[in-house]
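The next block is run-v1.cif, given as mmCIF, C-alpha atoms.
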```cif
data_model
loop_
_atom_site.group_PDB
_atom_site.id
_atom_site.type_symbol
_atom_site.label_atom_id
_atom_site.label_comp_id
_atom_site.auth_asym_id
_atom_site.auth_seq_id
_atom_site.Cartn_x
_atom_site.Cartn_y
_atom_site.Cartn_z
ATOM 1 C CA MET F 1028 8.682 21.530 10.478
ATOM 2 C CA THR F 1029 12.235 20.641 11.359
ATOM 3 C CA THR F 1030 13.741 18.350 13.933
ATOM 4 C CA THR F 1031 16.964 18.064 15.775
ATOM 5 C CA SER F 1032 19.211 15.290 14.480
ATOM 6 C CA VAL F 1033 17.956 12.045 16.004
ATOM 7 C CA ARG F 1034 19.830 8.863 15.153
ATOM 8 C CA ARG F 1035 18.850 5.288 15.916
ATOM 9 C CA SER F 1036 18.776 4.190 19.523
ATOM 10 C CA GLU F 1037 21.166 1.310 20.154
ATOM 11 C CA SER F 1038 18.368 -0.393 22.116
ATOM 12 C CA ALA F 1039 16.028 -0.581 19.115
ATOM 13 C CA GLN F 1040 14.882 -4.105 18.323
ATOM 14 C CA ILE F 1041 15.092 -5.512 14.799
ATOM 15 C CA TYR F 1042 12.283 -7.112 12.821
ATOM 16 C CA SER F 1043 13.365 -10.662 12.000
ATOM 17 C CA SER F 1044 10.466 -11.129 9.581
ATOM 18 C CA CYS F 1045 8.120 -8.964 7.517
ATOM 19 C CA PRO F 1046 5.496 -7.265 9.733
ATOM 20 C CA LEU F 1047 2.904 -7.668 6.947
ATOM 21 C CA CYS F 1048 3.346 -11.229 5.593
ATOM 22 C CA ASP F 1049 5.806 -12.699 8.162
ATOM 23 C CA ALA F 1050 8.311 -13.764 5.484
ATOM 24 C CA ALA F 1051 11.819 -14.095 6.933
ATOM 25 C CA ASP F 1052 13.981 -13.524 3.842
ATOM 26 C CA LEU F 1053 14.371 -9.737 4.073
ATOM 27 C CA ARG F 1054 16.630 -7.775 1.727
ATOM 28 C CA VAL F 1055 18.471 -4.689 2.991
ATOM 29 C CA LEU F 1056 18.046 -1.719 0.659
ATOM 30 C CA TRP F 1057 19.756 1.168 2.458
ATOM 31 C CA GLN F 1058 21.342 2.373 5.676
ATOM 32 C CA VAL F 1059 20.044 5.872 6.456
ATOM 33 C CA ASP F 1060 21.070 7.789 9.596
ATOM 34 C CA GLY F 1061 21.806 4.538 11.385
ATOM 35 C CA TYR F 1062 18.512 2.887 10.411
ATOM 36 C CA THR F 1063 18.221 -0.221 8.244
ATOM 37 C CA ILE F 1064 15.610 0.048 5.486
ATOM 38 C CA SER F 1065 14.674 -3.356 4.093
ATOM 39 C CA LYS F 1066 12.319 -4.884 1.535
ATOM 40 C CA CYS F 1067 10.327 -8.066 1.777
ATOM 41 C CA PRO F 1068 10.755 -9.997 -1.503
ATOM 42 C CA ALA F 1069 7.493 -11.881 -0.835
ATOM 43 C CA CYS F 1070 5.025 -8.970 -0.467
ATOM 44 C CA VAL F 1071 7.417 -6.119 -1.555
ATOM 45 C CA LEU F 1072 6.772 -4.038 1.573
ATOM 46 C CA VAL F 1073 9.590 -1.543 2.292
ATOM 47 C CA PHE F 1074 10.103 -0.625 5.940
ATOM 48 C CA VAL F 1075 12.561 0.408 8.637
ATOM 49 C CA GLN F 1076 13.758 -2.877 10.103
ATOM 50 C CA ASN F 1077 14.558 -1.268 13.468
ATOM 51 C CA HIS F 1078 11.446 -1.722 15.617
ATOM 52 C CA LEU F 1079 11.358 1.372 17.807
ATOM 53 C CA THR F 1080 9.446 1.529 21.070
ATOM 54 C CA THR F 1081 6.586 3.937 21.707
ATOM 55 C CA GLU F 1082 8.850 5.765 24.179
ATOM 56 C CA GLU F 1083 11.621 6.205 21.600
ATOM 57 C CA LEU F 1084 9.175 7.630 19.075
ATOM 58 C CA ALA F 1085 7.615 9.929 21.675
ATOM 59 C CA ALA F 1086 11.082 11.290 22.483
ATOM 60 C CA TYR F 1087 11.722 11.810 18.780
ATOM 61 C CA TYR F 1088 8.524 13.778 18.207
ATOM 62 C CA ALA F 1089 9.188 15.818 21.347
ATOM 63 C CA SER F 1090 12.346 17.044 19.556
ATOM 64 C CA PHE F 1091 10.370 18.789 16.799
ATOM 65 C CA GLU F 1092 11.155 22.439 16.340
ATOM 66 C CA ASP F 1093 7.963 24.356 15.680
ATOM 67 C CA ASP F 1094 8.632 26.729 12.774
ATOM 68 C CA SER F 1095 4.867 27.100 12.060
ATOM 69 C CA TYR F 1096 5.381 25.937 8.471
ATOM 70 C CA GLY F 1097 1.871 24.543 8.304
ATOM 71 C CA ASP F 1098 0.304 27.808 9.464
ATOM 72 C CA THR F 1099 1.839 29.604 6.476
ATOM 73 C CA ASN F 1100 0.840 26.767 4.142
ATOM 74 C CA VAL F 1101 -2.823 26.272 5.034
ATOM 75 C CA GLU F 1102 -4.023 27.392 1.599
ATOM 76 C CA CYS F 1103 -1.964 24.649 -0.052
ATOM 77 C CA LEU F 1104 -3.020 22.073 2.521
ATOM 78 C CA ASN F 1105 -6.661 22.982 2.011
ATOM 79 C CA TYR F 1106 -6.334 22.254 -1.703
ATOM 80 C CA TYR F 1107 -5.920 18.571 -0.820
ATOM 81 C CA TYR F 1108 -8.283 18.632 2.161
ATOM 82 C CA HIS F 1109 -11.198 19.836 0.033
ATOM 83 C CA LYS F 1110 -10.586 17.045 -2.491
ATOM 84 C CA LEU F 1111 -10.532 14.454 0.292
ATOM 85 C CA GLY F 1112 -13.649 16.000 1.799
ATOM 86 C CA ALA F 1113 -15.405 15.669 -1.563
ATOM 87 C CA LEU F 1114 -14.491 11.950 -1.678
ATOM 88 C CA ILE F 1115 -15.937 11.456 1.792
ATOM 89 C CA ARG F 1116 -19.140 13.324 0.980
ATOM 90 C CA GLN F 1117 -19.683 11.193 -2.124
ATOM 91 C CA ARG F 1118 -20.162 8.205 0.186
ATOM 92 C CA PHE F 1119 -21.717 10.103 3.074
ATOM 93 C CA PRO F 1120 -23.997 12.867 1.733
ATOM 94 C CA ARG F 1121 -25.292 13.300 5.285
ATOM 95 C CA PRO F 1122 -22.620 14.376 7.803
ATOM 96 C CA GLY F 1123 -21.576 11.987 10.523
ATOM 97 C CA ARG F 1124 -18.723 11.476 12.983
ATOM 98 C CA LEU F 1125 -15.138 11.828 11.720
ATOM 99 C CA LEU F 1126 -11.837 11.050 13.450
ATOM 100 C CA ASP F 1127 -8.633 12.490 11.973
ATOM 101 C CA VAL F 1128 -5.649 10.567 13.373
ATOM 102 C CA GLY F 1129 -2.538 12.733 13.390
ATOM 103 C CA CYS F 1130 -4.683 15.860 13.103
ATOM 104 C CA ALA F 1131 -1.786 18.320 13.714
ATOM 105 C CA ARG F 1132 -3.381 21.722 14.390
ATOM 106 C CA GLY F 1133 -6.783 20.578 13.185
ATOM 107 C CA TRP F 1134 -6.547 22.006 9.665
ATOM 108 C CA PHE F 1135 -8.485 19.199 7.952
ATOM 109 C CA LEU F 1136 -11.140 19.270 10.663
ATOM 110 C CA ASP F 1137 -11.515 23.001 10.004
ATOM 111 C CA THR F 1138 -12.631 22.182 6.434
ATOM 112 C CA MET F 1139 -15.380 19.801 7.653
ATOM 113 C CA PRO F 1140 -17.534 22.134 9.799
ATOM 114 C CA ASP F 1141 -20.754 20.247 9.023
ATOM 115 C CA TRP F 1142 -19.332 17.035 10.540
ATOM 116 C CA GLU F 1143 -18.920 16.047 14.185
ATOM 117 C CA CYS F 1144 -15.138 16.177 14.189
ATOM 118 C CA TYR F 1145 -12.633 14.452 16.468
ATOM 119 C CA GLY F 1146 -8.845 14.343 16.350
ATOM 120 C CA ASN F 1147 -5.806 12.584 17.766
ATOM 121 C CA GLU F 1148 -2.359 14.195 17.888
ATOM 122 C CA ILE F 1149 0.867 12.994 19.508
ATOM 123 C CA THR F 1150 2.769 16.310 19.273
ATOM 124 C CA LYS F 1151 1.533 18.403 22.182
ATOM 125 C CA HIS F 1152 1.925 21.925 20.779
ATOM 126 C CA TYR F 1153 0.107 20.941 17.577
ATOM 127 C CA GLY F 1154 -2.689 19.219 19.473
ATOM 128 C CA MET F 1155 -3.178 22.111 21.871
ATOM 129 C CA THR F 1156 -3.842 24.423 18.911
ATOM 130 C CA ALA F 1157 -6.397 21.932 17.570
ATOM 131 C CA ARG F 1158 -7.996 21.819 21.022
ATOM 132 C CA GLU F 1159 -8.425 25.592 21.028
ATOM 133 C CA LYS F 1160 -10.706 25.163 18.014
ATOM 134 C CA HIS F 1161 -12.284 21.754 18.586
ATOM 135 C CA GLY F 1162 -12.234 21.368 22.351
ATOM 136 C CA ASP F 1163 -11.907 18.083 24.173
ATOM 137 C CA ARG F 1164 -12.751 16.140 21.010
ATOM 138 C CA ILE F 1165 -8.984 16.355 20.400
ATOM 139 C CA PHE F 1166 -7.072 13.598 22.196
ATOM 140 C CA LEU F 1167 -3.399 14.250 22.962
ATOM 141 C CA GLY F 1168 -1.134 11.222 22.981
ATOM 142 C CA PRO F 1169 -0.301 8.105 20.973
ATOM 143 C CA PHE F 1170 -3.136 6.441 19.086
ATOM 144 C CA GLU F 1171 -2.567 3.284 21.157
ATOM 145 C CA ASP F 1172 -4.046 5.240 24.096
ATOM 146 C CA TYR F 1173 -7.032 6.653 22.188
ATOM 147 C CA PRO F 1174 -10.256 5.664 24.030
ATOM 148 C CA MET F 1175 -12.002 2.705 22.428
ATOM 149 C CA ARG F 1176 -15.532 3.465 21.196
ATOM 150 C CA GLU F 1177 -16.783 0.425 19.319
ATOM 151 C CA GLY F 1178 -18.599 1.324 16.086
ATOM 152 C CA TYR F 1179 -18.641 5.054 16.932
ATOM 153 C CA PHE F 1180 -17.206 6.722 13.810
ATOM 154 C CA ASP F 1181 -18.444 6.936 10.242
ATOM 155 C CA VAL F 1182 -15.045 7.993 8.860
ATOM 156 C CA ILE F 1183 -11.434 7.779 10.031
ATOM 157 C CA THR F 1184 -8.685 9.597 8.134
ATOM 158 C CA LEU F 1185 -4.918 9.108 8.379
ATOM 159 C CA GLN F 1186 -3.154 11.762 6.322
ATOM 160 C CA ASP F 1187 0.644 11.729 6.271
ATOM 161 C CA VAL F 1188 0.560 9.616 9.408
ATOM 162 C CA PHE F 1189 0.236 5.919 8.498
ATOM 163 C CA ASP F 1190 3.841 5.752 7.276
ATOM 164 C CA HIS F 1191 4.894 7.057 10.722
ATOM 165 C CA ILE F 1192 3.230 4.202 12.623
ATOM 166 C CA ARG F 1193 5.420 1.585 14.331
ATOM 167 C CA ASP F 1194 2.774 -1.183 14.250
ATOM 168 C CA PRO F 1195 0.419 -0.687 11.277
ATOM 169 C CA LEU F 1196 -1.676 -3.869 11.601
ATOM 170 C CA PRO F 1197 -2.700 -3.338 15.260
ATOM 171 C CA MET F 1198 -3.481 0.284 14.390
ATOM 172 C CA LEU F 1199 -5.798 -0.752 11.555
ATOM 173 C CA GLU F 1200 -7.441 -3.328 13.811
ATOM 174 C CA LYS F 1201 -8.230 -0.540 16.280
ATOM 175 C CA CYS F 1202 -9.534 1.682 13.467
ATOM 176 C CA ARG F 1203 -11.766 -1.164 12.281
ATOM 177 C CA ARG F 1204 -13.236 -1.520 15.748
ATOM 178 C CA LEU F 1205 -13.789 2.231 16.051
ATOM 179 C CA LEU F 1206 -15.673 2.344 12.737
ATOM 180 C CA ARG F 1207 -19.313 1.397 12.382
ATOM 181 C CA PRO F 1208 -20.174 -1.325 9.831
ATOM 182 C CA GLY F 1209 -19.986 0.302 6.408
ATOM 183 C CA GLY F 1210 -17.683 2.982 7.802
ATOM 184 C CA LEU F 1211 -14.833 4.381 5.750
ATOM 185 C CA ILE F 1212 -11.098 4.733 6.288
ATOM 186 C CA ALA F 1213 -9.011 7.063 4.086
ATOM 187 C CA ILE F 1214 -5.221 6.813 4.132
ATOM 188 C CA LYS F 1215 -2.743 9.157 2.457
ATOM 189 C CA VAL F 1216 0.904 8.028 2.200
ATOM 190 C CA HIS F 1217 3.967 8.527 0.027
ATOM 191 C CA ASN F 1218 4.368 6.177 -2.931
ATOM 192 C CA ILE F 1219 7.690 4.338 -2.831
ATOM 193 C CA SER F 1220 7.071 2.964 -6.350
ATOM 194 C CA CYS F 1221 6.616 6.294 -8.146
ATOM 195 C CA LEU F 1222 9.161 7.215 -10.827
ATOM 196 C CA TYR F 1223 10.609 10.008 -8.670
ATOM 197 C CA ALA F 1224 11.287 7.535 -5.838
ATOM 198 C CA LYS F 1225 12.867 5.022 -8.226
ATOM 199 C CA LEU F 1226 15.172 7.684 -9.679
ATOM 200 C CA THR F 1227 16.282 9.110 -6.335
ATOM 201 C CA GLY F 1228 16.497 5.896 -4.269
ATOM 202 C CA GLN F 1229 17.447 6.561 -0.678
ATOM 203 C CA ARG F 1230 17.495 10.298 -1.464
ATOM 204 C CA PHE F 1231 13.736 10.250 -2.076
ATOM 205 C CA TYR F 1232 12.384 13.045 0.110
ATOM 206 C CA ALA F 1233 10.144 10.664 2.086
ATOM 207 C CA ILE F 1234 13.043 8.436 3.218
ATOM 208 C CA ILE F 1235 13.463 10.086 6.613
ATOM 209 C CA PRO F 1236 13.651 7.497 9.408
ATOM 210 C CA PRO F 1237 12.521 7.429 12.139
ATOM 211 C CA SER F 1238 9.834 9.878 11.035
ATOM 212 C CA HIS F 1239 8.706 7.517 8.262
ATOM 213 C CA LEU F 1240 8.923 3.864 9.241
ATOM 214 C CA PHE F 1241 6.977 2.228 6.397
ATOM 215 C CA TYR F 1242 7.121 2.987 2.659
ATOM 216 C CA TYR F 1243 4.026 1.877 0.774
ATOM 217 C CA ASP F 1244 2.827 1.659 -2.798
ATOM 218 C CA LYS F 1245 -0.614 0.778 -4.144
ATOM 219 C CA GLN F 1246 0.016 -2.955 -3.825
ATOM 220 C CA THR F 1247 1.369 -3.031 -0.276
ATOM 221 C CA LEU F 1248 -1.077 -0.449 1.118
ATOM 222 C CA GLY F 1249 -4.001 -2.345 -0.369
ATOM 223 C CA ARG F 1250 -2.727 -5.629 1.006
ATOM 224 C CA THR F 1251 -2.233 -4.084 4.456
ATOM 225 C CA LEU F 1252 -5.828 -2.835 4.508
ATOM 226 C CA GLU F 1253 -7.255 -6.115 3.244
ATOM 227 C CA THR F 1254 -5.212 -8.109 5.784
ATOM 228 C CA SER F 1255 -6.853 -5.949 8.448
ATOM 229 C CA GLY F 1256 -10.380 -6.780 7.288
ATOM 230 C CA PHE F 1257 -11.117 -3.770 5.064
ATOM 231 C CA THR F 1258 -12.348 -3.718 1.468
ATOM 232 C CA VAL F 1259 -10.527 -1.230 -0.767
ATOM 233 C CA VAL F 1260 -12.992 0.806 -2.835
ATOM 234 C CA ASP F 1261 -10.862 3.611 -4.284
ATOM 235 C CA SER F 1262 -7.221 4.500 -4.902
ATOM 236 C CA ARG F 1263 -5.971 7.607 -6.651
ATOM 237 C CA PHE F 1264 -3.121 10.087 -6.999
ATOM 238 C CA ILE F 1265 -4.493 13.424 -5.863
ATOM 239 C CA GLY F 1266 -2.350 16.389 -6.810
ATOM 240 C CA HIS F 1267 -1.240 19.055 -4.381
ATOM 241 C CA LEU F 1268 -0.837 22.802 -4.434
ATOM 242 C CA PHE F 1269 2.823 23.522 -3.804
ATOM 243 C CA LYS F 1270 4.919 26.603 -3.047
ATOM 244 C CA VAL F 1271 8.355 27.108 -4.596
ATOM 245 C CA LYS F 1272 9.975 27.308 -1.162
ATOM 246 C CA THR F 1273 8.513 23.898 -0.259
ATOM 247 C CA ILE F 1274 10.661 22.237 -2.930
ATOM 248 C CA PHE F 1275 13.733 23.051 -0.851
ATOM 249 C CA LEU F 1276 12.046 22.116 2.416
ATOM 250 C CA ARG F 1277 11.378 18.639 0.975
ATOM 251 C CA LEU F 1278 14.930 18.363 -0.356
ATOM 252 C CA ALA F 1279 16.234 19.181 3.130
ATOM 253 C CA ARG F 1280 14.533 15.988 4.367
ATOM 254 C CA GLY F 1281 14.084 17.294 7.906
ATOM 255 C CA ASN F 1282 17.705 18.449 8.308
ATOM 256 C CA ALA F 1283 17.738 22.067 9.502
ATOM 257 C CA LYS F 1284 21.492 22.261 8.767
ATOM 258 C CA SER F 1285 21.093 21.234 5.124
ATOM 259 C CA PRO F 1286 21.924 23.844 2.438
ATOM 260 C CA PHE F 1287 18.466 23.160 1.021
ATOM 261 C CA HIS F 1288 16.947 24.219 4.334
ATOM 262 C CA ARG F 1289 18.970 27.440 4.224
ATOM 263 C CA ILE F 1290 17.527 28.136 0.771
ATOM 264 C CA TYR F 1291 14.047 27.408 2.135
ATOM 265 C CA ARG F 1292 14.567 29.897 4.963
ATOM 266 C CA SER F 1293 15.844 32.555 2.543
ATOM 267 C CA LEU F 1294 12.787 32.060 0.315
ATOM 268 C CA ASN F 1295 10.336 31.936 3.205
ATOM 269 C CA GLY F 1296 8.131 35.010 2.956
ATOM 270 C CA SER F 1297 9.604 36.163 -0.366
ATOM 271 C CA THR F 1298 7.513 36.697 -3.492
ATOM 272 C CA LEU F 1299 9.368 33.909 -5.310
ATOM 273 C CA GLY F 1300 9.104 31.489 -2.405
ATOM 274 C CA GLU F 1301 5.360 32.033 -2.067
ATOM 275 C CA LEU F 1302 4.581 31.309 -5.740
ATOM 276 C CA LYS F 1303 2.227 28.314 -6.035
ATOM 277 C CA PHE F 1304 1.888 25.578 -8.647
ATOM 278 C CA ASN F 1305 0.082 22.255 -9.025
ATOM 279 C CA LYS F 1306 2.231 19.198 -8.311
ATOM 280 C CA ASN F 1307 1.348 15.576 -9.062
ATOM 281 C CA LEU F 1308 4.292 13.211 -9.494
ATOM 282 C CA HIS F 1309 2.198 10.232 -8.381
ATOM 283 C CA ASP F 1310 4.314 10.411 -5.226
ATOM 284 C CA ILE F 1311 1.253 10.484 -2.977
ATOM 285 C CA ILE F 1312 -1.397 7.750 -2.792
ATOM 286 C CA THR F 1313 -4.848 8.266 -1.302
ATOM 287 C CA MET F 1314 -6.604 4.951 -0.660
ATOM 288 C CA VAL F 1315 -10.152 4.538 0.606
ATOM 289 C CA ALA F 1316 -11.510 1.344 2.147
ATOM 290 C CA VAL F 1317 -14.659 0.318 4.002
ATOM 291 C CA LYS F 1318 -15.423 -1.884 6.968
ATOM 292 C CA PRO F 1319 -17.777 -4.604 5.691
ATOM 293 C CA SER F 1320 -21.312 -4.419 7.022
#
```
Give the structure from this file in structure tokens form.
Amino acid sequence: MTTTSVRRSESAQIYSSCPLCDAADLRVLWQVDGYTISKCPACVLVFVQNHLTTEELAAYYASFEDDSYGDTNVECLNYYYHKLGALIRQRFPRPGRLLDVGCARGWFLDTMPDWECYGNEITKHYGMTAREKHGDRIFLGPFEDYPMREGYFDVITLQDVFDHIRDPLPMLEKCRRLLRPGGLIAIKVHNISCLYAKLTGQRFYAIIPPSHLFYYDKQTLGRTLETSGFTVVDSRFIGHLFKVKTIFLRLARGNAKSPFHRIYRSLNGSTLGELKFNKNLHDIITMVAVKPS
């Protein structure tokens, strides 16, 4: 996917303290596209210090250009989805109710046909495609507006979405209420402490505000979950199946005018661009936690 160039709104508020531990002594790391990315020395959380409103984020996601990248990449996406599905089935041999927050076009839900699947998607044209397959179990709109069903779900997944969230602790509180006792939450995010991120700094492919607002590692993601009342039971670096063309899409960092994006477009559909390989730079964390019984 690509977006139009969206810079920081001048009306955006600024966090005066860490949203995780409330420490006030924040250290600015980088200025990227008008956004201030800071680190909390106390709990080491890295985040965009500009606190955007729900309306500002909705306007940003409405600017997405739909180039159907995911539709041509489903095989690679499924490589991860099946591994996550196996983790879920280890704890729940009998299918139950699953909610995928940020479900896009419903690709992960498609790999869990034995489960009662629900989804939430903020980008309308993605969510409408998911609805064509999964009906009114797909809710369109921000997660803040998702209907509250206390103790309804066995599993909630947030894949490539939790680092997009403007208020992570209230979101996890809502997830905890939606889960039944003993229910499971699985979160997949980029790892800001991996070697690749340390070498590239603000050029790390995941540093793309305001798309990504929080930048976690194992320590800060675990602390965020535990602060929200969850017990972490698993954390691992699951590799991905990658296409050659995707290297340049990541290097473009959402900028359709980047020379890397031009290379991506030239490779798109070519034999070279479609070549696949396994990638695991420890740049992606998958963490699993449970709601105590």
Apply the PyMOL selection byres ((chain F and resi 1133-1142) around 9) to the file shown and report the selected residues as a ChimeraX atom specification. /F:1097-1098,1101,1104-1105,1108-1109,1112,1121-1127,1129-1132,1143-1146,1153-1154,1156-1158,1160-1161,1165
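Of note, atom CA of F:Asn1295 and atom CA of F:Tyr1242 are spaced 29.1 Å apart.
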Near stretch 1232-1236 of chain F, counting all atoms listed in the file, which residues have an atom at most 10 Å away, once you skip same-chain residues fewer than 2 positions from it, shown as a PyMOL selection string? chain F and resi 1033-1035+1057-1064+1074-1075+1077+1190-1191+1216-1219+1223-1224+1227-1230+1238-1242+1274+1276-1282+1310
May I have the selected residues written with C-alpha atoms, as a compact mmCIF listing (two decimals), keeping the file's coordinate frame?
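Dumped to part03.txt:
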```
# COMPACT_ATOMS: atom_id res chain seq x y z
CA VAL F 1033 17.96 12.04 16.00
CA ARG F 1034 19.83 8.86 15.15
CA ARG F 1035 18.85 5.29 15.92
CA TRP F 1057 19.76 1.17 2.46
CA GLN F 1058 21.34 2.37 5.68
CA VAL F 1059 20.04 5.87 6.46
CA ASP F 1060 21.07 7.79 9.60
CA GLY F 1061 21.81 4.54 11.38
CA TYR F 1062 18.51 2.89 10.41
CA THR F 1063 18.22 -0.22 8.24
CA ILE F 1064 15.61 0.05 5.49
CA PHE F 1074 10.10 -0.62 5.94
CA VAL F 1075 12.56 0.41 8.64
CA ASN F 1077 14.56 -1.27 13.47
CA ASP F 1190 3.84 5.75 7.28
CA HIS F 1191 4.89 7.06 10.72
CA VAL F 1216 0.90 8.03 2.20
CA HIS F 1217 3.97 8.53 0.03
CA ASN F 1218 4.37 6.18 -2.93
CA ILE F 1219 7.69 4.34 -2.83
CA TYR F 1223 10.61 10.01 -8.67
CA ALA F 1224 11.29 7.54 -5.84
CA THR F 1227 16.28 9.11 -6.34
CA GLY F 1228 16.50 5.90 -4.27
CA GLN F 1229 17.45 6.56 -0.68
CA ARG F 1230 17.50 10.30 -1.46
CA SER F 1238 9.83 9.88 11.04
CA HIS F 1239 8.71 7.52 8.26
CA LEU F 1240 8.92 3.86 9.24
CA PHE F 1241 6.98 2.23 6.40
CA TYR F 1242 7.12 2.99 2.66
CA ILE F 1274 10.66 22.24 -2.93
CA LEU F 1276 12.05 22.12 2.42
CA ARG F 1277 11.38 18.64 0.98
CA LEU F 1278 14.93 18.36 -0.36
CA ALA F 1279 16.23 19.18 3.13
CA ARG F 1280 14.53 15.99 4.37
CA GLY F 1281 14.08 17.29 7.91
CA ASN F 1282 17.70 18.45 8.31
CA ASP F 1310 4.31 10.41 -5.23
```
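Distances from F:His1267, F:Lys1201, F:Lys1066, F:Arg1116 to F:Cys1045 were compared using only C-alpha atoms, and the smallest one belongs to F:Lys1066.
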Check the smallest atom-to-atom distance from each of F:Val1317, F:Ile1312, F:Cys1221, F:Ile1149 to F:Gln1186 using only C-alpha atoms, then report the winner. F:Ile1312
Between F:Pro1046, F:Pro1169, F:Gly1266, F:Gly1296, smallest distance to F:Cys1103 by all atoms listed in the file belongs to F:Gly1266
Which value, in Å to one decimal, gives the distance between atom CA of F:Ser1255 and atom CA of F:Ile1212? 11.7 Å
